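Peer 1: Pasting in a structure now, in structure tokens, and then I'll have a few things to ask.
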Amino acid sequence: MPAANIGPELQRLIDLLAKLPGLGPRSAKRAALHLLKKRDPVMRPLAFALADAADKVKACSTCGNWDSIDPCAICAEASRDQSILCVVQDVGDLWALERAGAHKGRYHVLGGLLSPLDGIGPNDLNLGSLIERASAPAVSEIVLALPATVDGQTTAHYVTDQLIAANVSVTRLSQGVPVGGELDYLDEGTLAAAMKTRRPA
Ligand code: ZN
């Protein structure tokens with residue numbers, strides 16, 4: 001509920017901040033006040049960074065990772081193992097695996113999970129290009145690093161079925177990923193162990 005004594009510019013800022021994950025209306029107000037107080041060290045550089053990222057950061061046309069170059073830095077890195085593709089829900093999970101140093105191959109970002117309840121079907125995900133990439137002769141293993149949630153497991157089953165024709169071994173993370181667990185929240189040791197002890201899907 002907008003308060004009458006907050007000007008339209010400030011109210012718009014608060015409303016937009018409140019759309020960020022983890023920020024409700026109250027914390028959005030706190031963030032707006034903080035930005036106004038730190039106008040030169042934070043607010044103006046942030047405004048520039050937002051506009052710059054909006055212009056330059058795009059999804060890699062090969063793997064779906066966010067980067068300002070295409071193919072992304074990970075796809076372009078020649079020393080990466082070309083035989084293993086790690087399938088993740090989103091770029092946050094790719095970052096978590098990179099942080100853990102858990103995967104030396106390349107990635108494929110689905111851009112979400114199958115969720116019949118939310119009306120998210122196979123065509124809403126980056127699946128066609130995964131099957132194409134998995135069928136390349138250089139690729140021998142697909143690791144499904146998907147969350148241990150209902151949607152994550154539904155997606156893992158679906159992707160496994162779709163990959164039968166690609167003639168690759170399909171594995172998934174094992175120990176340490178708790179039921180209902182989102183990868184992004186796991187500590188690095190747990191994530192690295194789950195990758196090391198992956199098992200056939
Ligand atoms: Zn890429």
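By convention in this document, the chains of the structure tokens carry letters A, B, ... by their order, each chain's residues are numbered from 1, and ligands are numbered from 1 in the order they are shown.
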From a DSSP calculation on the backbone, collect every residue of region 10-172 of chain A in strand (DSSP E or B) and output the set as a VMD selection string.
Peer 2: chain A and resid 58 to 59 66 to 67 81 to 88 105 to 109 115 120 141 to 145 169 to 172
Peer 1: Go ahead and dump the residues you just picked, C-alpha atoms, as a PDB file, in the first residue's frame.
Peer 2:
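Saved result, selection-v9.pdb, follows:
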ATOM      1  CA  LYS A  58      23.176 -12.543 -22.554  1.00  0.00           C
ATOM      2  CA  ALA A  59      22.536 -16.269 -22.386  1.00  0.00           C
ATOM      3  CA  TRP A  66      24.984 -15.762 -18.564  1.00  0.00           C
ATOM      4  CA  ASP A  67      27.997 -13.897 -19.950  1.00  0.00           C
ATOM      5  CA  ASP A  81      36.746 -31.805 -20.408  1.00  0.00           C
ATOM      6  CA  GLN A  82      34.557 -31.997 -23.516  1.00  0.00           C
ATOM      7  CA  SER A  83      33.244 -35.465 -22.698  1.00  0.00           C
ATOM      8  CA  ILE A  84      31.145 -34.481 -19.656  1.00  0.00           C
ATOM      9  CA  LEU A  85      28.140 -32.159 -19.692  1.00  0.00           C
ATOM     10  CA  CYS A  86      26.643 -31.150 -16.364  1.00  0.00           C
ATOM     11  CA  VAL A  87      22.938 -30.250 -16.532  1.00  0.00           C
ATOM     12  CA  VAL A  88      21.773 -27.605 -14.049  1.00  0.00           C
ATOM     13  CA  GLY A 105      33.589 -30.322 -17.926  1.00  0.00           C
ATOM     14  CA  ARG A 106      31.002 -28.071 -19.529  1.00  0.00           C
ATOM     15  CA  TYR A 107      27.471 -27.203 -18.502  1.00  0.00           C
ATOM     16  CA  HIS A 108      23.965 -27.066 -19.862  1.00  0.00           C
ATOM     17  CA  VAL A 109      21.525 -24.673 -18.187  1.00  0.00           C
ATOM     18  CA  SER A 115       6.444 -28.336 -13.244  1.00  0.00           C
ATOM     19  CA  ILE A 120       6.022 -25.471 -17.197  1.00  0.00           C
ATOM     20  CA  GLU A 141      28.489 -38.580 -19.975  1.00  0.00           C
ATOM     21  CA  ILE A 142      25.636 -36.323 -18.895  1.00  0.00           C
ATOM     22  CA  VAL A 143      25.551 -35.492 -15.177  1.00  0.00           C
ATOM     23  CA  LEU A 144      22.150 -34.375 -13.941  1.00  0.00           C
ATOM     24  CA  ALA A 145      22.902 -31.896 -11.132  1.00  0.00           C
ATOM     25  CA  SER A 169      25.819 -42.545 -19.840  1.00  0.00           C
ATOM     26  CA  VAL A 170      23.490 -40.465 -17.665  1.00  0.00           C
ATOM     27  CA  THR A 171      24.444 -39.982 -14.023  1.00  0.00           C
ATOM     28  CA  ARG A 172      23.091 -37.916 -11.158  1.00  0.00           C
TER      29      ARG A 172
END
Peer 1: Could the residues that lie within 6 Å of ligand 1, counting only C-alpha atoms and all ligand atoms, be listed as a PyMOL selection string?
Peer 2: chain A and resi 60+62-65+71-72+74-75
Peer 1: Mind dumping the selected residues with all heavy atoms as a PDB file, in the first residue's frame?
Peer 2:
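What landed in selection.pdb:
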ATOM      1  N   CYS A  60      24.432 -17.633 -23.101  1.00  0.00           N
ATOM      2  CA  CYS A  60      25.324 -18.298 -24.062  1.00  0.00           C
ATOM      3  C   CYS A  60      24.464 -19.147 -25.007  1.00  0.00           C
ATOM      4  O   CYS A  60      23.611 -19.909 -24.556  1.00  0.00           O
ATOM      5  CB  CYS A  60      26.318 -19.176 -23.294  1.00  0.00           C
ATOM      6  SG  CYS A  60      27.299 -20.261 -24.345  1.00  0.00           S
ATOM      7  N   THR A  62      25.269 -21.651 -26.615  1.00  0.00           N
ATOM      8  CA  THR A  62      25.583 -23.077 -26.519  1.00  0.00           C
ATOM      9  C   THR A  62      25.015 -23.678 -25.240  1.00  0.00           C
ATOM     10  O   THR A  62      24.289 -24.664 -25.269  1.00  0.00           O
ATOM     11  CB  THR A  62      27.111 -23.293 -26.544  1.00  0.00           C
ATOM     12  OG1 THR A  62      27.620 -22.694 -27.725  1.00  0.00           O
ATOM     13  CG2 THR A  62      27.462 -24.770 -26.515  1.00  0.00           C
ATOM     14  N   CYS A  63      25.343 -23.081 -24.080  1.00  0.00           N
ATOM     15  CA  CYS A  63      25.012 -23.743 -22.815  1.00  0.00           C
ATOM     16  C   CYS A  63      23.957 -23.013 -21.979  1.00  0.00           C
ATOM     17  O   CYS A  63      23.429 -23.572 -21.030  1.00  0.00           O
ATOM     18  CB  CYS A  63      26.274 -23.939 -21.981  1.00  0.00           C
ATOM     19  SG  CYS A  63      26.889 -22.434 -21.205  1.00  0.00           S
ATOM     20  N   GLY A  64      23.664 -21.754 -22.277  1.00  0.00           N
ATOM     21  CA  GLY A  64      22.660 -21.029 -21.504  1.00  0.00           C
ATOM     22  C   GLY A  64      23.209 -20.247 -20.326  1.00  0.00           C
ATOM     23  O   GLY A  64      22.452 -19.576 -19.616  1.00  0.00           O
ATOM     24  N   ASN A  65      24.529 -20.322 -20.094  1.00  0.00           N
ATOM     25  CA  ASN A  65      25.167 -19.543 -19.021  1.00  0.00           C
ATOM     26  C   ASN A  65      25.085 -18.039 -19.350  1.00  0.00           C
ATOM     27  O   ASN A  65      25.082 -17.659 -20.507  1.00  0.00           O
ATOM     28  CB  ASN A  65      26.640 -19.977 -18.944  1.00  0.00           C
ATOM     29  CG  ASN A  65      27.408 -19.284 -17.834  1.00  0.00           C
ATOM     30  OD1 ASN A  65      26.826 -18.804 -16.870  1.00  0.00           O
ATOM     31  ND2 ASN A  65      28.716 -19.239 -17.986  1.00  0.00           N
ATOM     32  N   PRO A  71      30.376 -17.700 -27.594  1.00  0.00           N
ATOM     33  CA  PRO A  71      30.138 -18.564 -26.449  1.00  0.00           C
ATOM     34  C   PRO A  71      30.741 -18.007 -25.152  1.00  0.00           C
ATOM     35  O   PRO A  71      31.699 -17.234 -25.192  1.00  0.00           O
ATOM     36  CB  PRO A  71      30.806 -19.889 -26.828  1.00  0.00           C
ATOM     37  CG  PRO A  71      31.597 -19.654 -28.045  1.00  0.00           C
ATOM     38  CD  PRO A  71      31.184 -18.366 -28.637  1.00  0.00           C
ATOM     39  N   CYS A  72      30.152 -18.438 -24.022  1.00  0.00           N
ATOM     40  CA  CYS A  72      30.566 -17.925 -22.719  1.00  0.00           C
ATOM     41  C   CYS A  72      31.997 -18.371 -22.380  1.00  0.00           C
ATOM     42  O   CYS A  72      32.563 -19.236 -23.056  1.00  0.00           O
ATOM     43  CB  CYS A  72      29.603 -18.416 -21.639  1.00  0.00           C
ATOM     44  SG  CYS A  72      29.752 -20.171 -21.261  1.00  0.00           S
ATOM     45  N   ILE A  74      33.145 -20.213 -20.096  1.00  0.00           N
ATOM     46  CA  ILE A  74      33.295 -21.634 -19.763  1.00  0.00           C
ATOM     47  C   ILE A  74      33.307 -22.470 -21.044  1.00  0.00           C
ATOM     48  O   ILE A  74      34.157 -23.344 -21.235  1.00  0.00           O
ATOM     49  CB  ILE A  74      32.183 -22.093 -18.800  1.00  0.00           C
ATOM     50  CG1 ILE A  74      32.428 -21.465 -17.418  1.00  0.00           C
ATOM     51  CG2 ILE A  74      32.120 -23.610 -18.707  1.00  0.00           C
ATOM     52  CD1 ILE A  74      31.371 -21.769 -16.381  1.00  0.00           C
ATOM     53  N   CYS A  75      32.382 -22.204 -21.965  1.00  0.00           N
ATOM     54  CA  CYS A  75      32.363 -22.938 -23.245  1.00  0.00           C
ATOM     55  C   CYS A  75      33.651 -22.690 -24.038  1.00  0.00           C
ATOM     56  O   CYS A  75      34.117 -23.564 -24.760  1.00  0.00           O
ATOM     57  CB  CYS A  75      31.152 -22.528 -24.082  1.00  0.00           C
ATOM     58  SG  CYS A  75      29.606 -23.259 -23.508  1.00  0.00           S
TER      59      CYS A  75
END
Peer 1: What does the distance between CA of Gly112 (chain A) and CA of Leu127 (chain A) come to in Å, to one decimal place?
Peer 2: 10.4 Å
Peer 1: Using only C-alpha atoms, find the one residue out of A:Arg199, A:Ala193, A:Ala28, A:Leu163 that sits nearest to Val139 (chain A).
Peer 2: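 Looking only at the distances to Val139 (chain A), the closest residue turns out to be A:Leu163.
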Peer 1: Find the distance between CA of Ala73 (chain A) and CA of Asp124 (chain A) and write it in Å to one decimal.
Peer 2: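 Separation of CA of Ala73 (chain A) and CA of Asp124 (chain A): 25.0 Å.
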Peer 1: Calculate how many Å separate CA of Asp15 (chain A) from CA of Ala51 (chain A), rounding to one decimal.
Peer 2: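 Separation of CA of Asp15 (chain A) and CA of Ala51 (chain A): 18.1 Å.
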Peer 1: As a PyMOL selection string, please: every residue in region 18-192 of chain A that a backbone DSSP assignment puts in helix (DSSP H, G or I).
Peer 2: chain A and resi 25-37+39-56+73-76+91-99+116-118+122-124+128-134+150-162+164-166+183-185+188-192
Peer 1: Using only C-alpha atoms, which of A:Asn167, A:Thr155, A:Thr149, A:Gln162 sits nearest Pro137 (chain A)?
Peer 2: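 Distance minimum relative to Pro137 (chain A) lands on A:Asn167.
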Peer 1: With distances taken over only C-alpha atoms, which residue among A:Glu188, A:Glu182, A:Asp161, A:Asp70 lies nearest Ala148 (chain A)?
Peer 2: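 Result for the nearest residue to Ala148 (chain A): A:Glu182.
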Peer 1: Counting only C-alpha atoms, what is within 12 Å of Ala96 (chain A), bar same-chain residues fewer than 6 positions away, as a list in words?
Peer 2: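 The residues satisfying every condition are Val88, Gln89, Asp90, Ala102, His103, Ala145, Glu182, Leu183, Asp184, Tyr185, Leu186, Asp187, Glu188, Gly189, Thr190, Leu191, Ala192 and Met195 of chain A.
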Peer 1: Go ahead and write the selection's residues with C-alpha atoms as a short mmCIF file (atom, residue, chain, number, x, y, z; two decimals), in the first residue's frame.
Peer 2:
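What ended up in out-v3.cif:
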data_model
loop_
_atom_site.label_atom_id
_atom_site.label_comp_id
_atom_site.auth_asym_id
_atom_site.auth_seq_id
_atom_site.Cartn_x
_atom_site.Cartn_y
_atom_site.Cartn_z
CA VAL A 88 21.77 -27.60 -14.05
CA GLN A 89 18.50 -25.85 -13.34
CA ASP A 90 19.86 -22.33 -13.55
CA ALA A 102 33.30 -29.88 -8.49
CA HIS A 103 33.10 -30.12 -12.27
CA ALA A 145 22.90 -31.90 -11.13
CA GLU A 182 18.48 -26.73 -3.71
CA LEU A 183 22.07 -26.96 -4.96
CA ASP A 184 22.74 -23.29 -4.46
CA TYR A 185 22.39 -23.65 -0.67
CA LEU A 186 24.79 -26.58 -0.27
CA ASP A 187 28.26 -26.01 1.09
CA GLU A 188 31.13 -26.58 -1.30
CA GLY A 189 32.40 -29.80 0.34
CA THR A 190 28.98 -31.45 0.16
CA LEU A 191 28.52 -30.41 -3.44
CA ALA A 192 31.97 -31.66 -4.46
CA MET A 195 29.57 -34.81 -7.77
#
